[in-house]
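One structure below.
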Amino acid sequence: MTALAPEHVTIPLSARLGPDASRAERVASIAEAARQIRIQDLKLVHYANAGHIGGDFSAIDVLATLYGAVLNVTPETVDDPDRDRFILSKGHVAGALYITLATFGFLPREDLATFLKPLSALNGHPNRNKVPGVEANTGPLGHGLPIAVGHAISAKLDVSRRRTYVLTGDGELQEGSNWEAMMAASQYELDRLTVIVDRNRLQQGATTRETNDLDPLDQKAAAFGFAVVEVNGHDHSELLDVLSSVPFRPGKPTFVIAHTHKGHPISFMSNNAAWHHKVPSAGQLQQALDELGSAKSTSSNGGTSA
Amino acid sequence: MTTTATPTAGGSIADQPRFDCRNAYVETLADLAQTDHRIVGVVNDSVGSSKLDAFKKAFPDRLINVGIAEQDMVGVAAGLANGGRIAFVSAASCFLTARALEQIKADVAYSNRNVKLCGMSPGMAYGELGPTHHSIEDIAWLRAIDNMIIVVPADPIETAATMRWAAETEGPAFIRVSRMSVPKVYPEDYVFVPGKAVTLRDGDDVTIISNGTVLWRALVAAEQLAEDGISARVISMPTVKPLDIDAVLAAARETKGIVTAEEATTAGGLGGAVAETVVQNHPVGMKILGVPEFAPTGSAGFLLDRYGMSPEGIADSARALTR
């Protein structure tokens, strides 16, 4: 029953809208891509019997917004030195990244059927040498931000306008390497670097508050020299506005606190630490798919405000 | 591939002038950076200890100093490589390899980034500063990581040659840059070939395999053994990984035993690499000389002597294998 097969790959190709599209069309197209990524992710995790669905679902709206409308990178420019870079620091949500890359044409959608299978290129954490579009082999936490800082310095040396985006978990910010990197980002005035924190307030088995509280995160980031912006990380309209408007202050890197919920927007998963890497049963899969299907005609705002 | 050592008229290599390899390192790096704009230095405040002041003056934008933050330093180097740069990370080997080991594994080796990790003042170069500052474990740690070439140059000529190779070769590498002064072992026109040993002295009784700061001591040991009528082969093994298996197995077949000698831990370094090769293919007597413990207070030279790596100590180990 739980064996991933080609017929479980149902995600369509998502078009990235051209410059003539209206803002409303753009937001709607991101929302639909995010919905399709979630539908595919549920099937992937259910049939592969593994994955990090909770963190996937808290990050998917950010991923869909970046690849759907923000990043200056396409399957054709994946090796272009002047492409924008996106580094997924929370490498354990590789499943969500693979589906996002597949729906936007970076890797063949049928490859998704190999997710986590023996010898598959689609490992539980991304490998840039095997998956087109992946910029760094992440997985151990606290690695993405320093890499992003290094890339942003290279762009500055090249006098290039290419941008660097990095998505980190919030629990991950307990790693000191992030704060080392933030000091360097500020010192080097990397205003084309954007750090996005998936602020779902849950780590593996408990809240960040119970574990090693990060608050006041906004003040900490500001003290480290960042321009800080807070958004509803499930609101595609807000995400689009913020992520395409960086930098907010010349000479300062941007720190976007994206308020999210693990497992969003599935009723029984949302904001529930148990879904960090739990696998939905057949019944849960159906219920979640129904919830996403019924959400099809609603607005792009996933409905949960932070 | 046989080169002759450079004994000059009237003296042992032990009597030759000594050089700090960091000078060859920085001169070559600046030279390379002049013609290849992709080259950048990345440091953890280690501008002075890496002797990079002149580089900084010549290329102020291309020396990235992240401050005292080794994990960030190696991640930043990987990011610079993502942006098309060749990142030469230059930091005290003890901090570079221990503090940033996971970044070395994931961001550099596994990600296959064009980052050259230059471990300055390795081994026991910091002498009296003690084991916190000694870097005897670096080779063993990095040897366990896939996709990592490890080079331990023995003199300024080999240091410069290794740097030139590293600049023109895509991919990760770890280069140990000695601080303790050493005499020149190689001819000026030496070309470094990765994965290739260099037979500095032929011999058929016993073999000494060495590199780095201990190599010249091995050559003196061979001179002493020759006086006793023992013919010792001296193999320079600058590349610890990948190891020149052919050279090791030839020594195992053609001589009575192998001594390895290095300024590194006795567990998992050059000696370990040679032993793994020998034991699986052509078992032969071995003696692994190195540093077996947190060393007590003393200079690097004193400590090498203490651990059996004076020329006399190396000769004694070799002599024992011929019996």
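Convention: chains lettered A, B, ... in structure tokens order; per-chain residue numbering from 1; ligands numbered from 1 as shown.
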
Inset, instruction - Show which residues sit within 6 Å of A:Asp198, as a ChimeraX atom specification. Count only C-alpha atoms, and ignore same-chain residues fewer than 3 positions away. - result: /A:169-170,258

Those residues with C-alpha atoms, as a PDB file, in the first residue's frame please?
```
ATOM      1  CA  GLY A 169      14.032  27.193  10.283  1.00  0.00           C
ATOM      2  CA  ASP A 170      13.504  29.038  13.535  1.00  0.00           C
ATOM      3  CA  ALA A 258       7.729  34.648   8.194  1.00  0.00           C
TER       4      ALA A 258
END
```

Inset, instruction - Pull out every residue of chain B sitting within 9 Å of chain A, counting only C-alpha atoms, and send them as number ranges by chain. - result: B: 61-62, 64-85, 102-103, 106-107, 110-112

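Near B:Thr277, within a cut-off of 10 Å and counting only C-alpha atoms, sit the residues Leu243, Asp244, Ile245, Asp246, Val248, Leu249, Ala252, Gly271, Gly272, His282 and Pro283 of chain B, with same-chain residues fewer than 5 positions away left out.
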
Can you spit out the residues from that selection as a CSV table (one decimal), in the first residue's frame, using C-alpha atoms?
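Once everything was written out, this is result38.csv:
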```csv
chain,number,residue,atom,x,y,z
B,243,LEU,CA,47.6,7.6,-1.4
B,244,ASP,CA,50.1,6.4,-3.9
B,245,ILE,CA,49.3,2.7,-3.4
B,246,ASP,CA,51.8,1.5,-6.1
B,248,VAL,CA,53.6,1.7,-1.0
B,249,LEU,CA,53.2,-1.8,-2.3
B,252,ALA,CA,56.3,-3.6,0.9
B,271,GLY,CA,50.9,5.8,9.0
B,272,GLY,CA,47.3,4.6,9.1
B,282,HIS,CA,51.1,-7.3,1.1
B,283,PRO,CA,51.6,-7.5,4.9
```

Inset, instruction - Would you please extract all helix (DSSP H, G or I) residues from stretch 6-170 of chain A, as assigned by DSSP on the backbone, and give them as a VMD selection string? - result: chain A and resid 6 to 8 23 to 48 53 to 70 75 to 77 91 to 103 109 to 114 144 to 157

Now that the selection is made, can you save its residues with C-alpha atoms as a CSV table (one decimal), in the first residue's frame?
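Result file is out_39.csv:
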```csv
chain,number,residue,atom,x,y,z
A,6,PRO,CA,4.7,6.9,-10.9
A,7,GLU,CA,0.9,7.3,-10.7
A,8,HIS,CA,1.3,9.1,-7.4
A,23,ARG,CA,-0.4,41.5,-9.4
A,24,ALA,CA,-3.7,39.7,-8.7
A,25,GLU,CA,-2.9,37.1,-11.4
A,26,ARG,CA,0.6,36.6,-10.0
A,27,VAL,CA,-0.7,36.1,-6.4
A,28,ALA,CA,-3.3,33.6,-7.7
A,29,SER,CA,-0.8,31.7,-9.6
A,30,ILE,CA,1.5,31.4,-6.6
A,31,ALA,CA,-1.5,30.3,-4.5
A,32,GLU,CA,-2.4,27.6,-6.9
A,33,ALA,CA,1.2,26.4,-7.2
A,34,ALA,CA,1.5,26.2,-3.4
A,35,ARG,CA,-1.8,24.2,-3.3
A,36,GLN,CA,-0.5,21.8,-5.9
A,37,ILE,CA,2.8,21.4,-4.1
A,38,ARG,CA,1.0,20.5,-0.9
A,39,ILE,CA,-1.2,18.0,-2.6
A,40,GLN,CA,1.8,16.3,-4.2
A,41,ASP,CA,3.8,16.4,-0.9
A,42,LEU,CA,1.0,14.6,1.0
A,43,LYS,CA,1.1,11.8,-1.6
A,44,LEU,CA,4.9,11.7,-1.6
A,45,VAL,CA,5.2,11.4,2.2
A,46,HIS,CA,2.3,9.0,2.5
A,47,TYR,CA,3.5,6.6,-0.2
A,48,ALA,CA,7.2,7.0,0.5
A,53,ILE,CA,5.5,17.1,6.2
A,54,GLY,CA,5.1,19.6,9.1
A,55,GLY,CA,8.1,21.7,8.1
A,56,ASP,CA,7.3,21.2,4.4
A,57,PHE,CA,3.9,22.7,4.9
A,58,SER,CA,5.2,25.7,6.9
A,59,ALA,CA,7.7,26.5,4.1
A,60,ILE,CA,5.8,25.8,0.9
A,61,ASP,CA,4.2,29.2,0.6
A,62,VAL,CA,7.7,30.8,0.8
A,63,LEU,CA,9.1,28.4,-1.8
A,64,ALA,CA,6.2,28.9,-4.2
A,65,THR,CA,6.5,32.6,-3.9
A,66,LEU,CA,10.2,32.6,-4.5
A,67,TYR,CA,10.2,30.2,-7.5
A,68,GLY,CA,6.9,31.4,-8.8
A,69,ALA,CA,7.5,35.1,-8.9
A,70,VAL,CA,10.7,36.4,-7.2
A,75,PRO,CA,15.5,25.9,-15.7
A,76,GLU,CA,17.3,27.5,-18.6
A,77,THR,CA,19.5,29.7,-16.4
A,91,GLY,CA,17.5,20.9,4.3
A,92,HIS,CA,15.1,18.4,5.9
A,93,VAL,CA,12.2,19.9,3.9
A,94,ALA,CA,13.9,18.6,0.7
A,95,GLY,CA,10.6,17.0,-0.4
A,96,ALA,CA,9.0,20.4,-0.6
A,97,LEU,CA,12.0,21.7,-2.5
A,98,TYR,CA,12.0,18.8,-5.0
A,99,ILE,CA,8.3,19.3,-5.7
A,100,THR,CA,8.7,23.0,-6.1
A,101,LEU,CA,11.7,22.5,-8.5
A,102,ALA,CA,9.7,19.9,-10.4
A,103,THR,CA,6.6,22.0,-10.8
A,109,ARG,CA,8.3,15.6,-12.5
A,110,GLU,CA,8.5,11.8,-13.0
A,111,ASP,CA,11.7,11.8,-10.9
A,112,LEU,CA,9.6,12.5,-7.9
A,113,ALA,CA,8.4,8.9,-7.9
A,114,THR,CA,12.0,7.9,-6.9
A,144,GLY,CA,22.8,27.8,4.8
A,145,LEU,CA,23.2,31.3,6.2
A,146,PRO,CA,27.1,31.3,6.1
A,147,ILE,CA,26.9,29.9,2.5
A,148,ALA,CA,24.4,32.6,1.6
A,149,VAL,CA,26.7,35.3,3.1
A,150,GLY,CA,29.7,33.9,1.1
A,151,HIS,CA,27.6,34.0,-2.1
A,152,ALA,CA,26.4,37.5,-1.4
A,153,ILE,CA,30.0,38.7,-0.9
A,154,SER,CA,30.9,37.1,-4.3
A,155,ALA,CA,28.1,39.0,-5.9
A,156,LYS,CA,29.4,42.2,-4.4
A,157,LEU,CA,32.9,41.5,-5.6
```

Legend entry - Interatomic distance (Å, one decimal) between atom CA of B:Lys196 and atom CA of B:Pro238: 7.8 Å

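Using only C-alpha atoms, the nearest neighbour of B:Ser135 within the list B:Glu254, B:Asp189, B:Glu263, B:Glu227 is B:Glu263.
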
Legend entry - Contact residues around stretch 265-269 of chain A with only C-alpha atoms at 6 Å, ignoring same-chain residues under 2 positions, as a PyMOL selection string: chain A and resi 263+272+288

Inset, instruction - Show which residues sit within 12 Å of B:Ala315, as a PyMOL selection string. Count only C-alpha atoms, and ignore same-chain residues fewer than 3 positions away. - result: chain B and resi 206-208+217-228+230-234+258-261+287+289+308-312+318-322

Would you save the residues of that selection, restricted to C-alpha atoms, as an mmCIF file, in the first residue's frame?
```cif
data_model
loop_
_atom_site.group_PDB
_atom_site.id
_atom_site.type_symbol
_atom_site.label_atom_id
_atom_site.label_comp_id
_atom_site.auth_asym_id
_atom_site.auth_seq_id
_atom_site.Cartn_x
_atom_site.Cartn_y
_atom_site.Cartn_z
ATOM 1 C CA VAL B 206 64.011 -0.850 4.519
ATOM 2 C CA THR B 207 61.650 1.987 3.557
ATOM 3 C CA ILE B 208 60.875 5.265 5.309
ATOM 4 C CA ARG B 217 64.677 14.125 9.224
ATOM 5 C CA ALA B 218 63.923 10.881 7.360
ATOM 6 C CA LEU B 219 66.570 11.789 4.792
ATOM 7 C CA VAL B 220 69.151 12.345 7.524
ATOM 8 C CA ALA B 221 68.129 9.029 9.082
ATOM 9 C CA ALA B 222 68.836 7.339 5.741
ATOM 10 C CA GLU B 223 72.287 8.978 5.651
ATOM 11 C CA GLN B 224 72.981 7.567 9.108
ATOM 12 C CA LEU B 225 71.699 4.113 8.160
ATOM 13 C CA ALA B 226 73.947 4.134 5.084
ATOM 14 C CA GLU B 227 76.941 4.579 7.392
ATOM 15 C CA ASP B 228 75.898 1.300 9.023
ATOM 16 C CA ILE B 230 71.782 -0.320 5.666
ATOM 17 C CA SER B 231 70.205 0.822 2.443
ATOM 18 C CA ALA B 232 67.044 2.785 3.233
ATOM 19 C CA ARG B 233 64.517 3.912 0.646
ATOM 20 C CA VAL B 234 63.035 7.311 1.432
ATOM 21 C CA ILE B 258 58.173 0.297 6.352
ATOM 22 C CA VAL B 259 58.578 3.127 8.842
ATOM 23 C CA THR B 260 56.165 6.017 8.544
ATOM 24 C CA ALA B 261 57.017 9.303 10.213
ATOM 25 C CA LYS B 287 56.503 1.147 12.583
ATOM 26 C CA LEU B 289 55.918 7.167 14.135
ATOM 27 C CA GLY B 308 61.091 9.036 18.045
ATOM 28 C CA MET B 309 61.316 11.368 15.072
ATOM 29 C CA SER B 310 64.813 12.709 15.523
ATOM 30 C CA PRO B 311 66.951 11.407 12.651
ATOM 31 C CA GLU B 312 68.468 8.970 15.149
ATOM 32 C CA ALA B 318 64.166 1.420 10.558
ATOM 33 C CA ARG B 319 67.107 -0.620 11.842
ATOM 34 C CA ALA B 320 64.765 -2.692 14.009
ATOM 35 C CA LEU B 321 62.737 -3.662 10.974
ATOM 36 C CA THR B 322 65.781 -5.010 9.167
#
```
